[in-house]
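Some notes on the structure that comes next.
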Protein chains: 2
Amino acid sequence: MAQDKRQVEAITSRDVDFAQWYTDVCKKAELIDYSSIKGMFVYRPYGYAIWENIQSQMDAMFKETGAENVMMPMLLPESLLQKEKDHVEGFAPECAWVTFGGSEKLEERYAIRPTSETIFCEHFKNVIHSHRDLPKLYNQWCSVIRWEKTSRPFLRHREFLWQEGHTMHATEEEARAETMQMLEVYAKFFEDVLAMPVIRGRKTDKEKFNGAEETYTVECMMHDGKALQSGTSHYFGDGFAKAFDITFAGKDNKPHNPHQTSWGSSTRMIGGIIMTHGDDNGLVLPPRVAPTQVIVIPVAQHKEGVLDAAGALRDRLKAVGVRAKMDDSDNSPGWKFAEYEMKGVPLRIEIGPKDIEKGQCVIARRDTGEKVFVALAELEETVKRLLDEVHDNMYAMALANREKNTFEISTVAEAKETLSARSGFLKSKWCGELACELAMKEQVGVSSRCMPLQQSGTEGVCPVCGKKCTTDIYWAVAY
Amino acid sequence: MAQDKRQVEAITSRDVDFAQWYTDVCKKAELIDYSSIKGMFVYRPYGYAIWENIQSQMDAMFKETGAENVMMPMLLPESLLQKEKDHVEGFAPECAWVTFGGSEKLEERYAIRPTSETIFCEHFKNVIHSHRDLPKLYNQWCSVIRWEKTSRPFLRHREFLWQEGHTMHATEEEARAETMQMLEVYAKFFEDVLAMPVIRGRKTDKEKFNGAEETYTVECMMHDGKALQSGTSHYFGDGFAKAFDITFAGKDNKPHNPHQTSWGSSTRMIGGIIMTHGDDNGLVLPPRVAPTQVIVIPVAQHKEGVLDAAGALRDRLKAVGVRAKMDDSDNSPGWKFAEYEMKGVPLRIEIGPKDIEKGQCVIARRDTGEKVFVALAELEETVKRLLDEVHDNMYAMALANREKNTFEISTVAEAKETLSARSGFLKSKWCGELACELAMKEQVGVSSRCMPLQQSGTEGVCPVCGKKCTTDIYWAVAY
């Protein structure tokens, strides 16, 4: 980490300019670098390590549901993409097209996958013949390309990393259960691993995935009151199966089309982590995905015994599965404190000659700044407890932010007035009409986020048309 | 696994038609499926699970050397690729070219990465300024595209999965040490994890990587006597650094160009596993990468207590970290035996009513077919020991095959005669002249594989020109 004259540079204040603060954190915490292609980013070691920790834990949750990993080709013939009408209309305009293989012009253009429903269906047709071949529960970790006009680190890339689950089932009931199960996996992952509270809900027809019958989502509120759609789970019915002529012999010995789902989440999650938890000193990482959970900093490290003692602490923590590192570079302790704050390391341990004498060390929390003296004998136990406490506190703070910035409204005027003062989620009733959804966008500037799974069941009025209705819905400005 | 009327179909005999046997195994062991694009394959769950096991163990070995994972964009602007002359000449003819982003024609063509030296260099230029920024030890796991004319599962894909390490060092000495260190990581991985003996060596100038100063390789012999280049490690000098204008301030405060390496291995390894260890009953998987290490098959499973006993065995094995599964489908035991032989599962456990009575089970080895009765109390210990024994035996058999099929020759006539009877490695001296290397190809049909690191130092003659020389070299027909 040491560099000749490097300073830990100050970043823009979060409350002064949230967008600039975000970009500063992405760069100064060394998560990302720009490349010579607009909208295509380099994931640097620290940023990619967060993704690896996300991957390994989420992958284990997928596998517990019976999902298996596969890898499909990254190129999709244009004719394949065109087999499902709604799907191609949604994706073709933002595909990157391969037209030459070596010096040879291709007979047909190939899209770099923007998503892989079509090529999964091509494969499903080859391997699904009988009801005994079902369900197929597949997932892949890969990158996709969507040729967007604007870009922003982690939030909108032309190429981003993600996982996409694709499953086939004998019955609608089973496919619907899978859709909801995977939504719950995402929700649990956000809450238990990323310390991000979510609203589980269903998308309106306008906002659902191209080609899906229903799209479910987990929506998170960022510190600035805007929404981030963080994971989606789709129920497709048998539309793709029909378009791709996938049939299986049922127990009744008759041919049937299987029912399909897909579900995805991406490196947007890292953007979500930054914008949910970060503060004016930089990144604040949830302990369960932090590449370094504990940084050990020797104080007065030139004095005899300090480096050994600090190294011993690190080794003890590593031995019990804590991701611990020691920084024994020749930078000053003050520089190091600022550096690991910027990088969002959950716990910092300081140990110097006096601490060694007293058989203690100092542990500082990144989330609250709080410092405690800890007896060396209680190191492992204390660190593990503190990592859990940091997680719980980060979750609680994010939830409090969401609750503080969620406002019930029942008219357009109320909605406008609420958002004139600050950003946040609006909760209202909705009559179900597209026209009213569009009016909210046009008049208030918000899009529908979701109809929460937890519906109150009470009656109210649509804020646009004033019709009586019972459906609860969330609106917000979204990333 | 169960299917209505599925049979475990016979495969072509390995000694009758090795190529057909290979394709049969890839398909019938459900490793791979074809897609609608020639040369682009689907990695099915069983094939991909082998790759996941390779990845996780190799990645841990990389990280032990200090390497960090990153992810670079998959697209390379043509101008970037052109910055290093030898490199672009080698790769441009087999690039897939993106020419449209959405409906917009791009100003410059982008290649889907065939390898990533150039884009790593672009990034290195941004992050390397001082000697304190070195070394940079980066690796990425991704897929690459090379638009080859012919294709074959795992061995030659237009898109394949691989890892590519890219490192930058302050001195030539350090970079050379890295090159050799990573070669040794590959060698150890092949020997200790894949049970494949390797020859460590250096490539001739003709066979080295485009743009490299030196290429080192680990070469394996397949069961049919042909060679598979299985992992390569390159030393680049400072050629790319100069082409990309990457400099750092040294301890002397003067600007220097860093020295570079790269190293790669790919899903070819799975092809290597198949062709090294497989037999007429199908795949034989090295225990350390087998997705299922032990399959438990209940015999007379309808009888009381059998399924419980079999399930208990599986659970006991899983509890000690063995990848164990039970097949309680309604297929016959005979069908199951053949199925898991085809899939190369290292150990099969059978347990039926009589075994339960006697407090024992039967363990059958995939590599030798040997069956032993094992007391249930000794299950875990025995399984772990047997998995190691299977690994060691597979390695020994592969080594014996290589030794049996390696022939020392000192004339072209001898070389021809040797290979007229059978396929294998030829070992000879070489004068170092390209003309003689080309003559071996033309007259004997073999390419140089490598100059082994272990050189005998004795004097002999070049088989082509007859000149006295000391360099040992291997020749073979290669995949």
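Ordering of the structure tokens sets the chain letters (A, B, ...); residue numbers start at 1 within each chain; ligands are numbered from 1 in the order shown.
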
If we count only C-alpha atoms and set the cut-off at 7 Å, which residues sit around range 14-31 of chain A, ignoring sequence neighbours fewer than 5 positions away in its own chain? Please answer as a short mmCIF file (atom, residue, chain, number, x, y, z; two decimals) with all heavy atoms, in the first residue's frame.
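This went into around-v2.cif:
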data_model
loop_
_atom_site.label_atom_id
_atom_site.label_comp_id
_atom_site.auth_asym_id
_atom_site.auth_seq_id
_atom_site.Cartn_x
_atom_site.Cartn_y
_atom_site.Cartn_z
N TYR A 43 -12.44 -3.76 -13.41
CA TYR A 43 -12.65 -4.08 -12.00
C TYR A 43 -11.28 -4.33 -11.37
O TYR A 43 -10.64 -5.33 -11.67
CB TYR A 43 -13.50 -5.34 -11.83
CG TYR A 43 -14.92 -5.21 -12.34
CD1 TYR A 43 -15.22 -5.40 -13.68
CD2 TYR A 43 -15.97 -4.92 -11.48
CE1 TYR A 43 -16.53 -5.29 -14.15
CE2 TYR A 43 -17.29 -4.81 -11.94
CZ TYR A 43 -17.55 -4.99 -13.28
OH TYR A 43 -18.84 -4.88 -13.75
N ARG A 44 -10.84 -3.40 -10.53
CA ARG A 44 -9.53 -3.53 -9.90
C ARG A 44 -9.59 -4.57 -8.76
O ARG A 44 -10.67 -4.99 -8.36
CB ARG A 44 -9.08 -2.16 -9.38
CG ARG A 44 -8.92 -1.15 -10.54
CD ARG A 44 -8.38 0.17 -10.05
NE ARG A 44 -7.02 0.01 -9.56
CZ ARG A 44 -6.31 0.99 -9.01
NH1 ARG A 44 -6.86 2.20 -8.89
NH2 ARG A 44 -5.08 0.78 -8.59
N TYR A 46 -9.43 -4.68 -5.57
CA TYR A 46 -10.28 -4.49 -4.38
C TYR A 46 -11.76 -4.56 -4.74
O TYR A 46 -12.56 -5.13 -4.00
CB TYR A 46 -9.95 -3.15 -3.72
CG TYR A 46 -10.39 -3.04 -2.28
CD1 TYR A 46 -9.90 -3.91 -1.32
CD2 TYR A 46 -11.32 -2.08 -1.89
CE1 TYR A 46 -10.31 -3.83 -0.01
CE2 TYR A 46 -11.73 -1.98 -0.57
CZ TYR A 46 -11.23 -2.86 0.36
OH TYR A 46 -11.64 -2.77 1.68
N GLY A 47 -12.12 -4.00 -5.89
CA GLY A 47 -13.51 -4.09 -6.34
C GLY A 47 -13.88 -5.51 -6.72
O GLY A 47 -14.97 -5.99 -6.38
N ASP A 279 -19.87 6.84 3.64
CA ASP A 279 -19.99 8.13 4.33
C ASP A 279 -18.87 9.08 3.87
O ASP A 279 -18.17 8.77 2.90
CB ASP A 279 -19.98 7.95 5.85
CG ASP A 279 -18.67 7.41 6.39
OD1 ASP A 279 -17.62 7.53 5.69
OD2 ASP A 279 -18.66 6.87 7.50
N ASP A 280 -18.73 10.19 4.53
CA ASP A 280 -17.78 11.21 4.07
C ASP A 280 -16.32 10.78 4.16
O ASP A 280 -15.44 11.44 3.60
CB ASP A 280 -17.98 12.53 4.82
CG ASP A 280 -19.15 13.31 4.22
OD1 ASP A 280 -19.70 12.86 3.20
OD2 ASP A 280 -19.51 14.36 4.79
N GLY A 282 -15.49 7.79 3.08
CA GLY A 282 -15.32 6.81 2.00
C GLY A 282 -16.26 5.64 2.13
O GLY A 282 -17.39 5.77 2.59
N LEU A 283 -15.75 4.50 1.69
CA LEU A 283 -16.52 3.26 1.65
C LEU A 283 -16.76 2.75 3.08
O LEU A 283 -15.90 2.93 3.95
CB LEU A 283 -15.63 2.26 0.90
CG LEU A 283 -16.21 1.07 0.18
CD1 LEU A 283 -17.26 1.47 -0.82
CD2 LEU A 283 -15.05 0.35 -0.56
N MET A 342 -11.08 4.92 4.09
CA MET A 342 -11.49 5.10 2.70
C MET A 342 -11.92 3.77 2.07
O MET A 342 -12.88 3.69 1.33
CB MET A 342 -10.32 5.68 1.90
CG MET A 342 -10.56 5.84 0.42
SD MET A 342 -11.68 7.20 0.10
CE MET A 342 -10.55 8.58 0.34
N LYS A 343 -11.20 2.71 2.41
CA LYS A 343 -11.49 1.40 1.83
C LYS A 343 -12.58 0.64 2.56
O LYS A 343 -12.94 -0.48 2.17
CB LYS A 343 -10.20 0.58 1.76
CG LYS A 343 -9.21 1.17 0.74
CD LYS A 343 -8.29 0.12 0.19
CE LYS A 343 -7.76 0.55 -1.16
NZ LYS A 343 -6.73 -0.35 -1.68
#

Tell me, which residues of range 102-341 of chain A carry DSSP helix (DSSP H, G or I), written as a PyMOL selection string? chain A and resi 117-127+131-133+172-192+239-243+268-277+306-319+333-341

What residues in chain A lie within 7 Å of chain B, counting only C-alpha atoms, written as an mmCIF file with all heavy atoms, in the first residue's frame?
data_model
loop_
_atom_site.group_PDB
_atom_site.id
_atom_site.type_symbol
_atom_site.label_atom_id
_atom_site.label_comp_id
_atom_site.auth_asym_id
_atom_site.auth_seq_id
_atom_site.Cartn_x
_atom_site.Cartn_y
_atom_site.Cartn_z
ATOM 1 N N ALA A 2 2.049 1.137 0.467
ATOM 2 C CA ALA A 2 2.897 2.325 0.599
ATOM 3 C C ALA A 2 3.213 2.932 -0.758
ATOM 4 O O ALA A 2 3.428 2.242 -1.729
ATOM 5 C CB ALA A 2 4.188 1.931 1.275
ATOM 6 N N GLN A 3 3.218 4.237 -0.825
ATOM 7 C CA GLN A 3 3.645 4.906 -2.047
ATOM 8 C C GLN A 3 4.433 6.138 -1.638
ATOM 9 O O GLN A 3 4.231 6.697 -0.558
ATOM 10 C CB GLN A 3 2.434 5.322 -2.873
ATOM 11 C CG GLN A 3 1.608 4.113 -3.285
ATOM 12 C CD GLN A 3 0.675 4.434 -4.412
ATOM 13 O OE1 GLN A 3 0.637 5.561 -4.875
ATOM 14 N NE2 GLN A 3 -0.056 3.459 -4.866
ATOM 15 N N MET A 40 -17.069 0.924 -20.501
ATOM 16 C CA MET A 40 -16.500 -0.372 -20.141
ATOM 17 C C MET A 40 -15.408 -0.130 -19.101
ATOM 18 O O MET A 40 -14.491 0.650 -19.336
ATOM 19 C CB MET A 40 -15.976 -1.099 -21.372
ATOM 20 C CG MET A 40 -17.104 -1.350 -22.371
ATOM 21 S SD MET A 40 -16.690 -2.474 -23.725
ATOM 22 C CE MET A 40 -16.845 -4.046 -22.905
ATOM 23 N N PHE A 41 -15.536 -0.790 -17.969
ATOM 24 C CA PHE A 41 -14.691 -0.486 -16.820
ATOM 25 C C PHE A 41 -13.773 -1.654 -16.475
ATOM 26 O O PHE A 41 -14.067 -2.801 -16.784
ATOM 27 C CB PHE A 41 -15.564 -0.168 -15.599
ATOM 28 C CG PHE A 41 -16.376 1.086 -15.756
ATOM 29 C CD1 PHE A 41 -17.644 1.053 -16.337
ATOM 30 C CD2 PHE A 41 -15.877 2.313 -15.334
ATOM 31 C CE1 PHE A 41 -18.403 2.200 -16.482
ATOM 32 C CE2 PHE A 41 -16.627 3.466 -15.470
ATOM 33 C CZ PHE A 41 -17.889 3.416 -16.055
ATOM 34 N N VAL A 42 -12.685 -1.310 -15.808
ATOM 35 C CA VAL A 42 -11.776 -2.305 -15.241
ATOM 36 C C VAL A 42 -12.173 -2.520 -13.779
ATOM 37 O O VAL A 42 -12.273 -1.555 -13.026
ATOM 38 C CB VAL A 42 -10.315 -1.796 -15.296
ATOM 39 C CG1 VAL A 42 -9.382 -2.727 -14.527
ATOM 40 C CG2 VAL A 42 -9.871 -1.623 -16.750
ATOM 41 N N TYR A 43 -12.439 -3.763 -13.413
ATOM 42 C CA TYR A 43 -12.650 -4.084 -11.996
ATOM 43 C C TYR A 43 -11.279 -4.325 -11.375
ATOM 44 O O TYR A 43 -10.640 -5.329 -11.672
ATOM 45 C CB TYR A 43 -13.502 -5.344 -11.833
ATOM 46 C CG TYR A 43 -14.925 -5.210 -12.343
ATOM 47 C CD1 TYR A 43 -15.222 -5.399 -13.683
ATOM 48 C CD2 TYR A 43 -15.972 -4.924 -11.479
ATOM 49 C CE1 TYR A 43 -16.533 -5.288 -14.152
ATOM 50 C CE2 TYR A 43 -17.287 -4.807 -11.942
ATOM 51 C CZ TYR A 43 -17.552 -4.990 -13.278
ATOM 52 O OH TYR A 43 -18.844 -4.883 -13.747
ATOM 53 N N ARG A 44 -10.841 -3.401 -10.530
ATOM 54 C CA ARG A 44 -9.530 -3.533 -9.895
ATOM 55 C C ARG A 44 -9.585 -4.571 -8.761
ATOM 56 O O ARG A 44 -10.665 -4.994 -8.357
ATOM 57 C CB ARG A 44 -9.076 -2.156 -9.379
ATOM 58 C CG ARG A 44 -8.923 -1.150 -10.537
ATOM 59 C CD ARG A 44 -8.384 0.171 -10.052
ATOM 60 N NE ARG A 44 -7.018 0.009 -9.561
ATOM 61 C CZ ARG A 44 -6.313 0.990 -9.013
ATOM 62 N NH1 ARG A 44 -6.860 2.196 -8.888
ATOM 63 N NH2 ARG A 44 -5.081 0.781 -8.595
ATOM 64 N N PRO A 45 -8.430 -4.989 -8.253
ATOM 65 C CA PRO A 45 -8.427 -6.100 -7.281
ATOM 66 C C PRO A 45 -9.391 -5.901 -6.105
ATOM 67 O O PRO A 45 -10.098 -6.829 -5.724
ATOM 68 C CB PRO A 45 -6.973 -6.139 -6.802
ATOM 69 C CG PRO A 45 -6.183 -5.632 -7.963
ATOM 70 C CD PRO A 45 -7.058 -4.584 -8.610
ATOM 71 N N TYR A 48 -12.965 -6.196 -7.394
ATOM 72 C CA TYR A 48 -13.285 -7.558 -7.830
ATOM 73 C C TYR A 48 -13.361 -8.513 -6.643
ATOM 74 O O TYR A 48 -14.161 -9.453 -6.647
ATOM 75 C CB TYR A 48 -12.249 -8.045 -8.848
ATOM 76 C CG TYR A 48 -12.736 -9.269 -9.583
ATOM 77 C CD1 TYR A 48 -13.719 -9.157 -10.574
ATOM 78 C CD2 TYR A 48 -12.274 -10.533 -9.252
ATOM 79 C CE1 TYR A 48 -14.199 -10.277 -11.224
ATOM 80 C CE2 TYR A 48 -12.751 -11.660 -9.912
ATOM 81 C CZ TYR A 48 -13.718 -11.525 -10.897
ATOM 82 O OH TYR A 48 -14.205 -12.642 -11.535
ATOM 83 N N GLU A 68 -27.688 -25.709 -10.554
ATOM 84 C CA GLU A 68 -26.379 -26.149 -11.030
ATOM 85 C C GLU A 68 -25.826 -25.078 -11.965
ATOM 86 O O GLU A 68 -26.569 -24.479 -12.730
ATOM 87 C CB GLU A 68 -26.509 -27.452 -11.819
ATOM 88 C CG GLU A 68 -27.129 -28.597 -11.040
ATOM 89 C CD GLU A 68 -27.254 -29.850 -11.891
ATOM 90 O OE1 GLU A 68 -28.066 -29.858 -12.852
ATOM 91 O OE2 GLU A 68 -26.549 -30.828 -11.600
ATOM 92 N N ASN A 69 -24.519 -24.888 -11.936
ATOM 93 C CA ASN A 69 -23.911 -23.912 -12.833
ATOM 94 C C ASN A 69 -23.574 -24.520 -14.189
ATOM 95 O O ASN A 69 -23.185 -25.684 -14.279
ATOM 96 C CB ASN A 69 -22.645 -23.320 -12.213
ATOM 97 C CG ASN A 69 -22.971 -22.317 -11.111
ATOM 98 O OD1 ASN A 69 -24.057 -21.750 -11.098
ATOM 99 N ND2 ASN A 69 -22.044 -22.112 -10.200
ATOM 100 N N VAL A 70 -23.728 -23.723 -15.218
ATOM 101 C CA VAL A 70 -23.403 -24.107 -16.597
ATOM 102 C C VAL A 70 -22.754 -22.895 -17.258
ATOM 103 O O VAL A 70 -22.655 -21.824 -16.652
ATOM 104 C CB VAL A 70 -24.678 -24.476 -17.399
ATOM 105 C CG1 VAL A 70 -25.364 -25.692 -16.786
ATOM 106 C CG2 VAL A 70 -25.635 -23.303 -17.479
ATOM 107 N N MET A 71 -22.309 -23.058 -18.496
ATOM 108 C CA MET A 71 -21.835 -21.901 -19.259
ATOM 109 C C MET A 71 -22.263 -22.047 -20.710
ATOM 110 O O MET A 71 -21.914 -23.019 -21.373
ATOM 111 C CB MET A 71 -20.315 -21.770 -19.163
ATOM 112 C CG MET A 71 -19.771 -20.480 -19.764
ATOM 113 S SD MET A 71 -20.403 -18.955 -18.982
ATOM 114 C CE MET A 71 -19.563 -19.027 -17.410
ATOM 115 N N MET A 72 -23.034 -21.062 -21.154
ATOM 116 C CA MET A 72 -23.507 -21.032 -22.535
ATOM 117 C C MET A 72 -22.576 -20.144 -23.360
ATOM 118 O O MET A 72 -21.911 -19.262 -22.808
ATOM 119 C CB MET A 72 -24.916 -20.420 -22.597
ATOM 120 C CG MET A 72 -25.961 -21.184 -21.832
ATOM 121 S SD MET A 72 -26.443 -22.692 -22.708
ATOM 122 C CE MET A 72 -26.929 -23.691 -21.284
ATOM 123 N N PRO A 73 -22.570 -20.331 -24.680
ATOM 124 C CA PRO A 73 -21.795 -19.429 -25.537
ATOM 125 C C PRO A 73 -22.198 -17.969 -25.320
ATOM 126 O O PRO A 73 -23.349 -17.688 -24.997
ATOM 127 C CB PRO A 73 -22.176 -19.887 -26.948
ATOM 128 C CG PRO A 73 -22.554 -21.310 -26.802
ATOM 129 C CD PRO A 73 -23.228 -21.404 -25.455
ATOM 130 N N ALA A 92 -32.684 -6.044 -28.807
ATOM 131 C CA ALA A 92 -31.916 -5.819 -30.040
ATOM 132 C C ALA A 92 -31.331 -4.404 -30.146
ATOM 133 O O ALA A 92 -30.188 -4.252 -30.582
ATOM 134 C CB ALA A 92 -32.778 -6.149 -31.258
ATOM 135 N N PRO A 93 -32.067 -3.367 -29.730
ATOM 136 C CA PRO A 93 -31.520 -2.014 -29.893
ATOM 137 C C PRO A 93 -30.258 -1.752 -29.076
ATOM 138 O O PRO A 93 -29.552 -0.776 -29.327
ATOM 139 C CB PRO A 93 -32.654 -1.102 -29.402
ATOM 140 C CG PRO A 93 -33.887 -1.935 -29.482
ATOM 141 C CD PRO A 93 -33.451 -3.333 -29.217
ATOM 142 N N GLU A 94 -29.973 -2.586 -28.084
ATOM 143 C CA GLU A 94 -28.752 -2.312 -27.312
ATOM 144 C C GLU A 94 -27.752 -3.466 -27.360
ATOM 145 O O GLU A 94 -26.936 -3.627 -26.456
ATOM 146 C CB GLU A 94 -29.086 -1.896 -25.875
ATOM 147 C CG GLU A 94 -30.103 -2.752 -25.158
ATOM 148 C CD GLU A 94 -30.404 -2.206 -23.751
ATOM 149 O OE1 GLU A 94 -30.680 -0.990 -23.620
ATOM 150 O OE2 GLU A 94 -30.337 -2.990 -22.812
ATOM 151 N N CYS A 95 -27.800 -4.244 -28.449
ATOM 152 C CA CYS A 95 -26.819 -5.321 -28.603
ATOM 153 C C CYS A 95 -25.546 -4.813 -29.282
ATOM 154 O O CYS A 95 -25.592 -3.942 -30.140
ATOM 155 C CB CYS A 95 -27.388 -6.444 -29.466
ATOM 156 S SG CYS A 95 -28.587 -7.457 -28.604
ATOM 157 N N ALA A 96 -24.411 -5.407 -28.893
ATOM 158 C CA ALA A 96 -23.170 -5.242 -29.658
ATOM 159 C C ALA A 96 -23.139 -6.387 -30.665
ATOM 160 O O ALA A 96 -23.350 -7.547 -30.301
ATOM 161 C CB ALA A 96 -21.961 -5.309 -28.737
ATOM 162 N N TRP A 97 -22.903 -6.053 -31.944
ATOM 163 C CA TRP A 97 -23.028 -7.039 -33.020
ATOM 164 C C TRP A 97 -21.676 -7.425 -33.603
ATOM 165 O O TRP A 97 -20.897 -6.568 -34.013
ATOM 166 C CB TRP A 97 -23.900 -6.481 -34.142
ATOM 167 C CG TRP A 97 -25.327 -6.272 -33.735
ATOM 168 C CD1 TRP A 97 -25.908 -5.081 -33.406
ATOM 169 C CD2 TRP A 97 -26.339 -7.278 -33.590
ATOM 170 N NE1 TRP A 97 -27.231 -5.286 -33.072
ATOM 171 C CE2 TRP A 97 -27.533 -6.621 -33.179
ATOM 172 C CE3 TRP A 97 -26.372 -8.666 -33.775
ATOM 173 C CZ2 TRP A 97 -28.724 -7.303 -32.932
ATOM 174 C CZ3 TRP A 97 -27.564 -9.343 -33.533
ATOM 175 C CH2 TRP A 97 -28.719 -8.667 -33.119
ATOM 176 N N VAL A 98 -21.437 -8.727 -33.644
ATOM 177 C CA VAL A 98 -20.236 -9.264 -34.286
ATOM 178 C C VAL A 98 -20.594 -9.571 -35.740
ATOM 179 O O VAL A 98 -21.564 -10.280 -36.010
ATOM 180 C CB VAL A 98 -19.766 -10.561 -33.597
ATOM 181 C CG1 VAL A 98 -18.607 -11.189 -34.350
ATOM 182 C CG2 VAL A 98 -19.380 -10.284 -32.157
ATOM 183 N N THR A 99 -19.813 -8.991 -36.646
ATOM 184 C CA THR A 99 -20.110 -9.184 -38.066
ATOM 185 C C THR A 99 -18.969 -9.851 -38.825
ATOM 186 O O THR A 99 -19.154 -10.279 -39.953
ATOM 187 C CB THR A 99 -20.416 -7.834 -38.745
ATOM 188 O OG1 THR A 99 -19.289 -6.979 -38.552
ATOM 189 C CG2 THR A 99 -21.653 -7.179 -38.166
ATOM 190 N N PHE A 100 -17.785 -9.904 -38.223
ATOM 191 C CA PHE A 100 -16.640 -10.551 -38.862
ATOM 192 C C PHE A 100 -16.028 -11.581 -37.919
ATOM 193 O O PHE A 100 -15.850 -11.305 -36.728
ATOM 194 C CB PHE A 100 -15.550 -9.528 -39.237
ATOM 195 C CG PHE A 100 -15.799 -8.835 -40.539
ATOM 196 C CD1 PHE A 100 -16.670 -7.755 -40.597
ATOM 197 C CD2 PHE A 100 -15.181 -9.271 -41.712
ATOM 198 C CE1 PHE A 100 -16.921 -7.113 -41.804
ATOM 199 C CE2 PHE A 100 -15.434 -8.628 -42.912
ATOM 200 C CZ PHE A 100 -16.301 -7.545 -42.967
ATOM 201 N N GLY A 101 -15.696 -12.771 -38.473
ATOM 202 C CA GLY A 101 -14.904 -13.761 -37.760
ATOM 203 C C GLY A 101 -13.568 -13.848 -38.484
ATOM 204 O O GLY A 101 -13.501 -14.350 -39.604
ATOM 205 N N GLY A 102 -12.497 -13.304 -37.870
ATOM 206 C CA GLY A 102 -11.239 -13.163 -38.593
ATOM 207 C C GLY A 102 -11.468 -12.197 -39.742
ATOM 208 O O GLY A 102 -12.061 -11.132 -39.566
ATOM 209 N N SER A 103 -11.043 -12.578 -40.953
ATOM 210 C CA SER A 103 -11.203 -11.670 -42.089
ATOM 211 C C SER A 103 -12.490 -11.976 -42.867
ATOM 212 O O SER A 103 -12.765 -11.357 -43.885
ATOM 213 C CB SER A 103 -9.997 -11.799 -43.017
ATOM 214 O OG SER A 103 -9.877 -13.144 -43.412
ATOM 215 N N ARG A 132 -39.242 -36.643 -16.640
ATOM 216 C CA ARG A 132 -38.134 -37.026 -15.750
ATOM 217 C C ARG A 132 -36.903 -36.139 -15.971
ATOM 218 O O ARG A 132 -35.975 -36.177 -15.171
ATOM 219 C CB ARG A 132 -37.749 -38.475 -15.988
ATOM 220 C CG ARG A 132 -38.892 -39.415 -15.682
ATOM 221 C CD ARG A 132 -38.358 -40.779 -15.363
ATOM 222 N NE ARG A 132 -39.412 -41.667 -14.950
ATOM 223 C CZ ARG A 132 -39.267 -42.571 -13.984
ATOM 224 N NH1 ARG A 132 -38.119 -42.672 -13.343
ATOM 225 N NH2 ARG A 132 -40.261 -43.371 -13.658
ATOM 226 N N ASP A 133 -36.860 -35.416 -17.053
ATOM 227 C CA ASP A 133 -35.749 -34.481 -17.278
ATOM 228 C C ASP A 133 -35.980 -33.151 -16.553
ATOM 229 O O ASP A 133 -35.137 -32.250 -16.628
ATOM 230 C CB ASP A 133 -35.569 -34.200 -18.775
ATOM 231 C CG ASP A 133 -35.237 -35.459 -19.548
ATOM 232 O OD1 ASP A 133 -34.495 -36.300 -18.997
ATOM 233 O OD2 ASP A 133 -35.712 -35.607 -20.691
ATOM 234 N N TRP A 147 -25.516 -2.005 -24.917
ATOM 235 C CA TRP A 147 -24.878 -0.807 -25.449
ATOM 236 C C TRP A 147 -25.633 0.456 -25.046
ATOM 237 O O TRP A 147 -26.299 1.083 -25.851
ATOM 238 C CB TRP A 147 -24.751 -0.924 -26.968
ATOM 239 C CG TRP A 147 -23.516 -0.238 -27.456
ATOM 240 C CD1 TRP A 147 -23.440 0.972 -28.060
ATOM 241 C CD2 TRP A 147 -22.177 -0.728 -27.344
ATOM 242 N NE1 TRP A 147 -22.129 1.272 -28.329
ATOM 243 C CE2 TRP A 147 -21.329 0.247 -27.899
ATOM 244 C CE3 TRP A 147 -21.601 -1.884 -26.821
ATOM 245 C CZ2 TRP A 147 -19.940 0.089 -27.961
ATOM 246 C CZ3 TRP A 147 -20.231 -2.041 -26.879
ATOM 247 C CH2 TRP A 147 -19.418 -1.053 -27.444
#

re CA of Leu155 in chain B and CA of Pro114 in chain B: distance 15.6 Å

Go ahead and compute the interatomic distance for CA of Leu419 in chain A and CA of Trp475 in chain A, in Å to one decimal.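 The value is 11.0 Å.
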
Using only C-alpha atoms, can you tell me which of A:Met61, A:Leu379, A:Cys361, A:Ala227 comes closest to Leu317 in chain A? A:Leu379

Neighbours of Cys436 in chain A within 9 Å (only C-alpha atoms; same-chain residues fewer than 5 positions away dropped), as a ChimeraX atom specification? /A:430-431,441,462-465

Please write the residues from the selection above to a file, keeping C-alpha atoms, as a PDB file, in the first residue's frame.
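Generated file (again_3.pdb):
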ATOM      1  CA  TRP A 430     -52.787   2.452  -7.542  1.00  0.00           C
ATOM      2  CA  CYS A 431     -55.739   1.700  -9.764  1.00  0.00           C
ATOM      3  CA  LYS A 441     -43.665   9.837 -14.230  1.00  0.00           C
ATOM      4  CA  CYS A 462     -55.257   6.277  -6.902  1.00  0.00           C
ATOM      5  CA  PRO A 463     -53.328   9.576  -6.568  1.00  0.00           C
ATOM      6  CA  VAL A 464     -53.839  10.324 -10.282  1.00  0.00           C
ATOM      7  CA  CYS A 465     -57.397   9.355 -11.215  1.00  0.00           C
TER       8      CYS A 465
END
